[in-house]
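Report on the following structure.
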Amino acid sequence: MTYRELAPPTGLLPVVACLWEHDVPPGCEQRIIPDGCVDLVRLDGELVVVGADTGPVVSRSAATPSDRTSGIRLRPGAAGAVLGLPASEVRDQRVPLADVWPAVGPALADALGTADPAGRLDLLARAVLRRRVERDQLVAAAARRLGVPGSRISGVAQELGVSERHLHRRTVDAVGYGPKMLGRVARLRRLIGLSTGQAPPPLAERAATAGYASQAHMSDEVRRLTGLTPVRFLEDAALTAA
């Protein structure tokens, strides 16, 4: 299985985490975990919006060789503006882009179907650039603060000068789910980052550093978000751009 990420064009850096390509061998199982992002993906010949996931998605590739999967990943807080609808409407879903962008989605899907892999990434980048939208800066700031171990939603809302209810509404619209779920995803990503390298610290130490209340708390959340035990999940987990 080959997966690679490419930096987005400069003009897309505020709203796009990366462009990516994935070659999956026939019959290979893939496990996708929540990362707070929404992707536009050409998958099995169809252009779809992959909404923010709240749990693991496990799929198996076709038994016969398939075309390369190409995608563009929107940063947390950018999806609502780019899609032109509340990101919660595509949460935990794979929706044809033609249903979201009826004016341009079908033509873009057709163009992607005849382009080579590099051309597909360029087409996806240009499509997002033409939206001329900005990331929700309040949500972007909240996402950064929720990524700090020990952060609390009430404290983040207070720092940003808004009510918890207002922060929740903006986050649901821009990301697809609320600050509580976004905080869980941030903790998981911190745990993954602490688990890379040849000699990571003991699991209990990683749990505390990542911001979990206890090792049991970590185990419960890792199972909920990945469907695996922490030991099994962290064997080959790697951070992706977000």
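Residue numbering restarts at 1 in every chain; chains get A, B, ... in the order shown in the structure tokens, and ligands count up from 1 in that same order.
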For region 4-86 of chain A versus region 104-124 of chain A, which residues have an atom no more than 9 Å away, and what is each residue's nearest atom pair and distance in Å rounded to one decimal, using only C-alpha atoms, chain-then-number order, as a Markdown table?
```
| residue | atom | partner | partner_atom | distance |
| --- | --- | --- | --- | --- |
| A:Leu19 | CA | A:Leu121 | CA | 6.7 |
| A:Trp20 | CA | A:Leu121 | CA | 7.8 |
| A:Glu21 | CA | A:Pro117 | CA | 8.2 |
| A:Leu40 | CA | A:Leu124 | CA | 7.7 |
| A:Val41 | CA | A:Leu124 | CA | 8.7 |
| A:Arg42 | CA | A:Leu112 | CA | 7.7 |
| A:Gly45 | CA | A:Gly113 | CA | 6.7 |
| A:Glu46 | CA | A:Ala109 | CA | 7.0 |
| A:Leu47 | CA | A:Ala109 | CA | 5.6 |
| A:Arg68 | CA | A:Pro117 | CA | 7.3 |
| A:Thr69 | CA | A:Pro117 | CA | 8.6 |
| A:Ser70 | CA | A:Leu121 | CA | 6.6 |
| A:Gly71 | CA | A:Leu121 | CA | 6.9 |
| A:Ile72 | CA | A:Leu124 | CA | 6.6 |
```
Residues of region 34-164 of chain A classed as helix (DSSP H, G or I) by DSSP on the backbone are to be reported as number ranges by chain. A: 79-83, 87-90, 97-100, 105-114, 117-129, 137-146, 153-160, 164
Using only C-alpha atoms, find each residue in region 14-62 of chain A having at least one atom no more than 8 Å away from region 174-178 of chain A; report its shortest atom-to-atom pair and that distance in Å (one decimal), rows by chain then rising number, as JSON lines.
```
{"residue": "A:Gly36", "atom": "CA", "partner": "A:Val175", "partner_atom": "CA", "distance": 6.6}
{"residue": "A:Cys37", "atom": "CA", "partner": "A:Val175", "partner_atom": "CA", "distance": 6.9}
{"residue": "A:Val38", "atom": "CA", "partner": "A:Val175", "partner_atom": "CA", "distance": 7.6}
{"residue": "A:Gly51", "atom": "CA", "partner": "A:Gly176", "partner_atom": "CA", "distance": 7.3}
{"residue": "A:Ala52", "atom": "CA", "partner": "A:Gly176", "partner_atom": "CA", "distance": 5.9}
```
Go ahead and write the selection's residues with all heavy atoms as an mmCIF file, in the first residue's frame.
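For reference, part06.cif as written:
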```
data_model
loop_
_atom_site.group_PDB
_atom_site.id
_atom_site.type_symbol
_atom_site.label_atom_id
_atom_site.label_comp_id
_atom_site.auth_asym_id
_atom_site.auth_seq_id
_atom_site.Cartn_x
_atom_site.Cartn_y
_atom_site.Cartn_z
ATOM 1 N N GLY A 36 -10.723 15.068 12.025
ATOM 2 C CA GLY A 36 -11.264 16.428 12.050
ATOM 3 C C GLY A 36 -11.361 17.077 10.693
ATOM 4 O O GLY A 36 -11.694 18.262 10.587
ATOM 5 N N CYS A 37 -11.094 16.326 9.631
ATOM 6 C CA CYS A 37 -11.049 16.891 8.285
ATOM 7 C C CYS A 37 -12.152 16.327 7.392
ATOM 8 O O CYS A 37 -12.694 15.253 7.641
ATOM 9 C CB CYS A 37 -9.694 16.619 7.633
ATOM 10 S SG CYS A 37 -8.287 17.312 8.518
ATOM 11 N N VAL A 38 -12.434 17.065 6.335
ATOM 12 C CA VAL A 38 -13.305 16.624 5.254
ATOM 13 C C VAL A 38 -12.453 16.571 3.991
ATOM 14 O O VAL A 38 -11.630 17.459 3.761
ATOM 15 C CB VAL A 38 -14.493 17.595 5.064
ATOM 16 C CG1 VAL A 38 -15.278 17.267 3.802
ATOM 17 C CG2 VAL A 38 -15.409 17.546 6.288
ATOM 18 N N GLY A 51 -17.142 13.052 4.513
ATOM 19 C CA GLY A 51 -17.384 13.884 5.676
ATOM 20 C C GLY A 51 -16.514 13.520 6.861
ATOM 21 O O GLY A 51 -15.857 12.470 6.883
ATOM 22 N N ALA A 52 -16.494 14.398 7.865
ATOM 23 C CA ALA A 52 -15.717 14.135 9.082
ATOM 24 C C ALA A 52 -16.271 12.895 9.774
ATOM 25 O O ALA A 52 -17.474 12.806 10.046
ATOM 26 C CB ALA A 52 -15.783 15.343 10.010
#
```
Can you check which residues of region 6-211 of chain A DSSP gives as strand (DSSP E or B) on the backbone and send them as number ranges by chain? A: 6, 16-23, 29-32, 38-43, 46-50, 57-60, 69-74, 94-96
Pick out the residues sitting within 12 Å of Ala238 (chain A), and hand them over as a PyMOL selection string; count only C-alpha atoms, and ignore anything fewer than 6 positions along from it in its own chain. chain A and resi 3-4+32-33+35+188-197
List the neighbours of Pro14 (chain A) out to 12 Å using only C-alpha atoms; skip same-chain residues closer than 6 positions along the sequence, and give me the result as a list in words. Ala7, Pro8, Arg73, Leu74, Arg75, Pro76, Gly77, Ala78, Ala79, Val82, Val128, Leu129, Arg132, Val133, Glu134, Arg135, Asp136, Gln137, Ala140 and Ala242 of chain A
Mind checking which residues fall within 10 Å of Thr209 (chain A), counting only C-alpha atoms, ignoring those fewer than 4 positions away in the same chain, and posting them as a ChimeraX atom specification? /A:149-150,187,190-191,194,201,203-205,213
In Å, how far is it from CA of Arg60 (chain A) to CA of Ala186 (chain A)?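 Computing the Euclidean distance for CA of Arg60 (chain A) and CA of Ala186 (chain A) yields 26.7 Å.
Among the candidates A:Leu6, A:Leu97, A:Val231, A:Ala237, the residue lying nearest to Pro202 (chain A) is A:Val231 (atoms considered: only C-alpha atoms).
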